[in-house]
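Data file: target-v2.cif. Format and content: mmCIF, C-alpha atoms.
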data_upload
loop_
_atom_site.label_atom_id
_atom_site.label_comp_id
_atom_site.auth_asym_id
_atom_site.auth_seq_id
_atom_site.Cartn_x
_atom_site.Cartn_y
_atom_site.Cartn_z
CA MET K 1 14.38 7.41 3.68
CA TYR K 2 12.20 7.18 6.79
CA GLU K 3 8.45 6.97 7.22
CA GLN K 4 7.04 9.95 9.07
CA ASN K 5 5.01 7.59 11.26
CA SER K 6 8.01 5.47 12.28
CA LEU K 7 9.32 5.06 15.82
CA GLU K 8 12.32 7.28 14.95
CA THR K 9 9.97 10.25 14.52
CA ASN K 10 8.68 12.42 17.34
CA PRO K 11 5.13 11.22 18.15
CA LEU K 12 3.81 14.77 17.69
CA ASP K 13 5.25 14.90 14.17
CA ARG K 14 4.14 11.47 12.95
CA HIS K 15 1.87 11.29 9.92
CA ASP K 16 1.27 9.03 6.95
CA ILE K 17 3.05 9.70 3.67
CA PRO K 18 0.91 9.52 0.51
CA ARG K 19 3.47 7.27 -1.20
CA HIS K 20 1.87 7.20 -4.62
CA GLU K 21 2.07 10.99 -4.81
CA ILE K 22 5.82 11.16 -4.13
CA GLU K 23 7.74 12.65 -7.06
CA LYS K 24 11.05 13.74 -5.49
CA VAL K 25 13.39 12.19 -2.94
CA ILE K 26 16.58 13.44 -1.27
CA CYS K 27 19.59 11.15 -0.97
CA SER K 28 20.44 10.84 2.73
CA LEU K 29 24.11 10.35 1.84
CA CYS K 30 24.90 13.25 -0.51
CA GLY K 31 21.74 15.37 -0.11
CA THR K 32 20.88 15.43 -3.84
CA GLU K 33 17.20 16.01 -4.64
CA GLN K 34 16.03 13.92 -7.57
CA ASP K 35 13.15 11.96 -9.08
CA ALA K 36 12.14 8.92 -7.03
CA GLN K 37 14.32 6.00 -8.11
CA GLN K 38 16.38 3.15 -6.67
CA TYR K 39 19.89 4.58 -7.18
CA CYS K 40 21.09 8.11 -6.47
CA ILE K 41 21.90 9.95 -9.70
CA ASN K 42 24.80 11.74 -8.01
CA CYS K 43 26.65 9.31 -5.73
CA GLY K 44 25.14 6.06 -6.99
CA VAL K 45 24.15 4.74 -3.58
CA CYS K 46 21.33 2.20 -3.53
CA MET K 47 18.41 3.76 -1.65
CA GLY K 48 16.72 0.41 -1.18
CA LYS K 49 17.53 -3.14 -2.25
CA TYR K 50 13.83 -3.47 -3.01
CA TYR K 51 12.25 -0.55 -4.81
CA CYS K 52 8.73 -0.28 -6.23
CA ALA K 53 8.31 2.53 -8.74
CA LYS K 54 4.52 2.33 -8.43
CA CYS K 55 4.33 2.55 -4.65
CA LYS K 56 7.52 4.62 -4.27
CA PHE K 57 8.48 2.06 -1.67
CA PHE K 58 12.08 1.46 -0.53
CA ASP K 59 13.20 -1.48 1.65
CA ASP K 60 16.62 -2.97 2.38
CA ASP K 61 15.28 -6.21 3.86
CA ILE K 62 14.66 -8.36 0.77
CA THR K 63 14.24 -11.53 2.85
CA LYS K 64 10.54 -10.59 3.06
CA ASN K 65 10.23 -11.41 -0.67
CA GLN K 66 8.31 -8.26 -1.50
CA TYR K 67 6.25 -7.99 -4.65
CA HIS K 68 3.79 -5.51 -6.08
CA CYS K 69 0.19 -6.56 -6.75
CA ASP K 70 -1.37 -4.32 -9.39
CA GLU K 71 -4.91 -5.32 -8.39
CA CYS K 72 -4.35 -4.65 -4.68
CA GLY K 73 -2.45 -1.49 -5.57
CA ILE K 74 0.19 -2.08 -2.89
CA CYS K 75 3.36 -4.08 -2.24
CA ARG K 76 3.02 -7.30 -0.31
CA THR K 77 5.45 -9.79 1.24
CA GLY K 78 5.86 -13.54 0.91
CA GLY K 79 6.80 -13.91 -2.76
CA LYS K 80 4.60 -13.40 -5.82
CA ASP K 81 4.81 -17.08 -6.77
CA ASN K 82 3.20 -18.06 -3.47
CA PHE K 83 0.09 -15.89 -3.74
CA PHE K 84 -2.85 -15.25 -6.04
CA HIS K 85 -5.25 -12.33 -6.20
CA CYS K 86 -8.91 -13.18 -5.64
CA LYS K 87 -10.97 -10.67 -7.60
CA THR K 88 -14.11 -11.28 -5.57
CA CYS K 89 -12.41 -10.90 -2.18
CA GLY K 90 -10.26 -8.08 -3.54
CA CYS K 91 -7.02 -9.26 -1.94
CA CYS K 92 -4.10 -11.68 -2.18
CA TYR K 93 -4.29 -15.13 -0.60
CA SER K 94 -1.87 -18.04 -0.39
CA LYS K 95 -2.11 -20.33 -3.43
CA GLU K 96 -2.93 -23.14 -1.01
CA MET K 97 -6.32 -21.48 -0.58
CA LYS K 98 -7.13 -21.22 -4.28
CA ASP K 99 -10.51 -22.86 -4.94
CA LYS K 100 -10.65 -23.76 -1.24
CA HIS K 101 -11.90 -20.56 0.39
CA ARG K 102 -15.35 -19.02 0.57
CA CYS K 103 -15.37 -15.68 -1.23
CA VAL K 104 -16.63 -12.59 0.58
CA GLU K 105 -16.61 -9.31 -1.32
CA ARG K 106 -13.76 -7.05 -0.15
CA ALA K 107 -12.95 -9.63 2.55
CA MET K 108 -9.83 -7.87 3.85
CA HIS K 109 -10.99 -4.27 3.50
CA HIS K 110 -11.92 -3.94 7.15
CA ASN K 111 -10.43 -3.93 10.63
CA CYS K 112 -9.61 -7.17 12.43
CA PRO K 113 -12.72 -7.89 14.55
CA ILE K 114 -10.50 -8.64 17.57
CA CYS K 115 -7.66 -6.07 17.64
CA PHE K 116 -9.23 -3.56 15.17
CA GLU K 117 -6.06 -3.19 13.09
CA PHE K 118 -6.80 -2.63 9.37
CA ILE K 119 -6.27 -6.02 7.73
CA PHE K 120 -5.79 -5.13 4.05
CA ASP K 121 -2.24 -3.81 4.44
CA THR K 122 -1.26 -5.52 7.69
CA MET K 123 2.16 -7.19 8.00
CA LYS K 124 0.77 -9.89 10.32
CA ASP K 125 -0.35 -13.36 9.23
CA ILE K 126 -3.99 -13.53 8.16
CA THR K 127 -6.31 -16.52 8.15
CA VAL K 128 -9.65 -16.96 6.40
CA LEU K 129 -12.43 -18.59 8.40
CA ARG K 130 -14.90 -21.14 6.99
CA CYS K 131 -17.49 -18.39 6.64
CA GLY K 132 -15.10 -16.32 4.51
CA HIS K 133 -14.33 -13.60 7.05
CA THR K 134 -10.70 -12.72 7.73
CA ILE K 135 -8.84 -12.28 11.00
CA HIS K 136 -5.27 -12.10 12.28
CA LEU K 137 -3.93 -15.60 12.95
CA GLU K 138 -2.60 -14.54 16.35
CA CYS K 139 -6.02 -13.11 17.25
CA LEU K 140 -7.68 -16.40 16.30
CA LYS K 141 -5.25 -18.30 18.54
CA GLU K 142 -6.06 -15.89 21.38
CA MET K 143 -9.77 -16.61 20.88
CA GLU K 144 -9.10 -20.34 21.16
CA LYS K 145 -7.36 -19.78 24.51
CA HIS K 146 -10.63 -18.27 25.78
CA TYR K 147 -12.78 -21.08 24.32
CA ARG K 148 -14.34 -18.89 21.64
CA TYR K 149 -15.14 -21.04 18.62
CA THR K 150 -17.41 -18.80 16.54
CA CYS K 151 -16.66 -16.05 14.03
CA PRO K 152 -16.70 -12.68 15.82
CA VAL K 153 -18.42 -11.16 12.77
CA CYS K 154 -21.22 -13.59 11.84
CA SER K 155 -21.15 -16.09 14.78
CA LYS K 156 -20.80 -19.17 12.54
CA SER K 157 -18.66 -22.04 13.87
CA LEU K 158 -14.96 -21.73 13.08
CA TRP K 159 -14.60 -25.37 12.01
CA ASP K 160 -16.28 -28.78 12.14
CA MET K 161 -17.68 -29.02 15.67
CA SER K 162 -19.43 -32.40 15.32
CA LYS K 163 -17.24 -34.07 17.98
CA LEU K 164 -18.08 -31.32 20.46
CA TRP K 165 -21.79 -31.56 19.61
CA SER K 166 -21.64 -35.30 20.42
CA LYS K 167 -20.03 -34.47 23.75
CA ILE K 168 -22.82 -32.00 24.51
CA ASP K 169 -25.39 -34.66 23.59
CA GLN K 170 -23.88 -36.90 26.27
CA GLU K 171 -23.74 -34.07 28.79
CA ILE K 172 -27.40 -33.18 28.24
CA ALA K 173 -28.48 -36.84 28.43
CA SER K 174 -26.78 -37.18 31.81
CA THR K 175 -28.09 -33.90 33.25
CA PRO K 176 -31.61 -34.19 34.72
CA MET K 177 -33.79 -31.14 34.20
CA PRO K 178 -35.57 -29.54 37.18
CA ALA K 179 -39.33 -30.18 37.13
CA MET K 180 -40.08 -26.50 36.52
CA TYR K 181 -38.31 -26.68 33.10
CA GLN K 182 -39.42 -30.09 31.86
CA ASN K 183 -42.34 -28.81 29.78
CA LYS K 184 -40.82 -25.50 28.74
CA MET K 185 -40.41 -24.93 24.99
CA VAL K 186 -38.40 -22.13 23.35
CA TRP K 187 -37.61 -20.88 19.84
CA ILE K 188 -33.96 -20.84 18.79
CA LEU K 189 -32.00 -19.48 15.83
CA CYS K 190 -29.06 -21.50 14.52
CA ASN K 191 -25.96 -19.37 13.89
CA ASP K 192 -24.58 -22.02 11.51
CA CYS K 193 -27.48 -22.73 9.12
CA GLY K 194 -29.88 -19.90 9.96
CA ALA K 195 -32.84 -22.20 10.70
CA ASN K 196 -35.41 -21.51 13.41
CA SER K 197 -36.41 -24.42 15.68
CA HIS K 198 -38.95 -24.95 18.46
CA VAL K 199 -37.16 -27.07 21.06
CA GLN K 200 -37.37 -28.06 24.70
CA PHE K 201 -35.52 -25.70 26.99
CA HIS K 202 -32.29 -26.93 28.56
CA VAL K 203 -29.89 -25.12 30.89
CA ILE K 204 -26.80 -26.32 28.96
CA ALA K 205 -27.56 -25.69 25.29
CA HIS K 206 -30.18 -25.97 22.54
CA LYS K 207 -29.74 -28.16 19.47
CA CYS K 208 -30.72 -27.02 15.99
CA LEU K 209 -33.25 -29.46 14.53
CA SER K 210 -31.99 -28.77 11.01
CA CYS K 211 -28.19 -29.15 11.08
CA LYS K 212 -27.80 -30.59 14.64
CA SER K 213 -25.51 -27.73 15.70
CA TYR K 214 -25.46 -26.39 19.24
CA ASN K 215 -24.23 -23.01 18.00
CA THR K 216 -27.64 -21.48 18.60
CA ARG K 217 -29.31 -18.60 20.36
CA GLN K 218 -32.71 -18.41 22.02
CA THR K 219 -35.01 -15.93 20.28
CA ARG K 220 -38.29 -16.50 22.13
CA GLY K 221 -38.94 -17.77 25.63
CA ASP K 222 -38.85 -16.61 29.24
CA THR K 223 -35.07 -16.07 29.33
CA ALA K 224 -32.97 -15.38 26.23
CA THR K 225 -29.80 -17.47 26.19
CA THR K 226 -27.04 -18.71 23.91
CA CYS K 227 -25.05 -21.91 24.16
CA SER K 228 -21.73 -20.05 24.49
CA SER K 229 -21.32 -20.35 28.26
CA GLY K 230 -22.43 -23.98 28.36
CA VAL K 231 -20.13 -24.98 25.51
CA ALA K 232 -17.16 -23.20 27.11
CA GLU K 233 -17.69 -25.13 30.34
CA ILE K 234 -17.89 -28.47 28.51
CA VAL K 235 -14.75 -27.75 26.44
CA SER K 236 -12.74 -26.66 29.46
#
Would you kindly transcribe this structure into structure tokens?
Amino acid sequence: MYEQNSLETNPLDRHDIPRHEIEKVICSLCGTEQDAQQYCINCGVCMGKYYCAKCKFFDDDITKNQYHCDECGICRTGGKDNFFHCKTCGCCYSKEMKDKHRCVERAMHHNCPICFEFIFDTMKDITVLRCGHTIHLECLKEMEKHYRYTCPVCSKSLWDMSKLWSKIDQEIASTPMPAMYQNKMVWILCNDCGANSHVQFHVIAHKCLSCKSYNTRQTRGDTATTCSSGVAEIVS
């Protein structure tokens, strides 16, 4: 049984099959039409080593450890014993994340903010950021290669950046400001804690007075800036 959006199908004929609405299947070996089930009622051939009667899903590769999640309403891979369903997030996560992740309502019911593939039923590895937003693991690694260390959805820092903030402190202390900027003050918004601060302008970055983060953006002043470019240069 082949998906009508698979690579074996002519691109002009590809379309999604509403699996849950399937009532009849045809055995590809003997051609017998019958109710959807794992074994052919005529020749007895196994139509799929894994079969889900709820999803009408057939698969011969059982090394993926498929299982059906009633709350997600779909079949997932990785083994039922290794995952739990978070009712707030509305999706299955690794048990290693139980009581360790920040819940975001319907966290996986959206497209990956980097590649735009729908995350909820993706076959790729997913990771949950500190802020609770989800992203493909490979997309996160690609971000790191380009020195991007903030969530592409909410702009909060991806992890503890205190060591980098200390490095920026040293960089700022050793970088003399031109006379024209020495008395310039600007307002900034912290992407990490949400606080507004009135700070002295600096060409490298601006430090939040509340949480000491440099993940900030200028909101008022002569020239609106963020610390992104300065941080990237320091990291590289």
> Please, what distance in Å, to one decimal, runs between CA of Val153 in chain K and CA of Pro113 in chain K?
Replying inline: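 Result for CA of Val153 in chain K versus CA of Pro113 in chain K: 6.8 Å, one decimal.
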Quick check on the file I pasted: which residues fall under the PyMOL selection byres ((chain K and resi 206) around 9)? Write them as a PDB file with C-alpha atoms, in the frame of the given file.
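Saved file out17.pdb follows:
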ATOM      1  CA  ILE K 188     -33.960 -20.840  18.790  1.00  0.00           C
ATOM      2  CA  VAL K 199     -37.160 -27.070  21.060  1.00  0.00           C
ATOM      3  CA  GLN K 200     -37.370 -28.060  24.700  1.00  0.00           C
ATOM      4  CA  PHE K 201     -35.520 -25.700  26.990  1.00  0.00           C
ATOM      5  CA  HIS K 202     -32.290 -26.930  28.560  1.00  0.00           C
ATOM      6  CA  VAL K 203     -29.890 -25.120  30.890  1.00  0.00           C
ATOM      7  CA  ILE K 204     -26.800 -26.320  28.960  1.00  0.00           C
ATOM      8  CA  ALA K 205     -27.560 -25.690  25.290  1.00  0.00           C
ATOM      9  CA  LYS K 207     -29.740 -28.160  19.470  1.00  0.00           C
ATOM     10  CA  CYS K 208     -30.720 -27.020  15.990  1.00  0.00           C
ATOM     11  CA  SER K 213     -25.510 -27.730  15.700  1.00  0.00           C
ATOM     12  CA  TYR K 214     -25.460 -26.390  19.240  1.00  0.00           C
ATOM     13  CA  ASN K 215     -24.230 -23.010  18.000  1.00  0.00           C
ATOM     14  CA  THR K 216     -27.640 -21.480  18.600  1.00  0.00           C
ATOM     15  CA  ARG K 217     -29.310 -18.600  20.360  1.00  0.00           C
ATOM     16  CA  GLN K 218     -32.710 -18.410  22.020  1.00  0.00           C
ATOM     17  CA  THR K 226     -27.040 -18.710  23.910  1.00  0.00           C
ATOM     18  CA  CYS K 227     -25.050 -21.910  24.160  1.00  0.00           C
TER      19      CYS K 227
END
>> Can you translate the PyMOL selection byres ((chain K and resi 59) around 6) into the concrete residues it hits in this file, as a list in words?
In response: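 For this structure, the PyMOL selection byres ((chain K and resi 59) around 6) resolves to Gly48, Tyr50, Phe58, Asp60 and Asp61 of chain K.
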>> Expand the PyMOL selection byres ((chain K and resi 91) around 10) into the explicit residue set it covers here, and present it as number ranges by chain.
In response: K: 69, 71-73, 83-90, 92-93, 105-109, 120-121
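Atom to atom, CA of Leu189 in chain K and CA of Trp159 in chain K stand 18.8 Å apart.
Here CA of Met143 in chain K is placed at a distance of 21.8 Å from CA of Val104 in chain K.
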> Hey, what's within 7 Å of Tyr149 in chain K if we count all atoms listed in the file and toss same-chain stuff fewer than 5 positions away? As a PyMOL selection string, please?
Replying inline: chain K and resi 144+157-158
>> Would you pick out the contacts of Asp70 in chain K at 10 Å or less, using only C-alpha atoms, so that residues sharing its chain but fewer than 4 positions from it are not included, and give the list as JSON, numbers by chain?
In response: {"K": [54, 74, 75, 85]}
> Pick from K:Lys184, K:Arg220, K:Lys49, K:His133: nearest to Thr150 in chain K, with all atoms listed in the file counted?
Replying inline: K:His133
> Neighbours of range 27-29 of chain K within 10 Å (all atoms listed in the file; same-chain residues fewer than 6 positions away dropped), as a PyMOL selection string?
Replying inline: chain K and resi 1-2+36+39-47
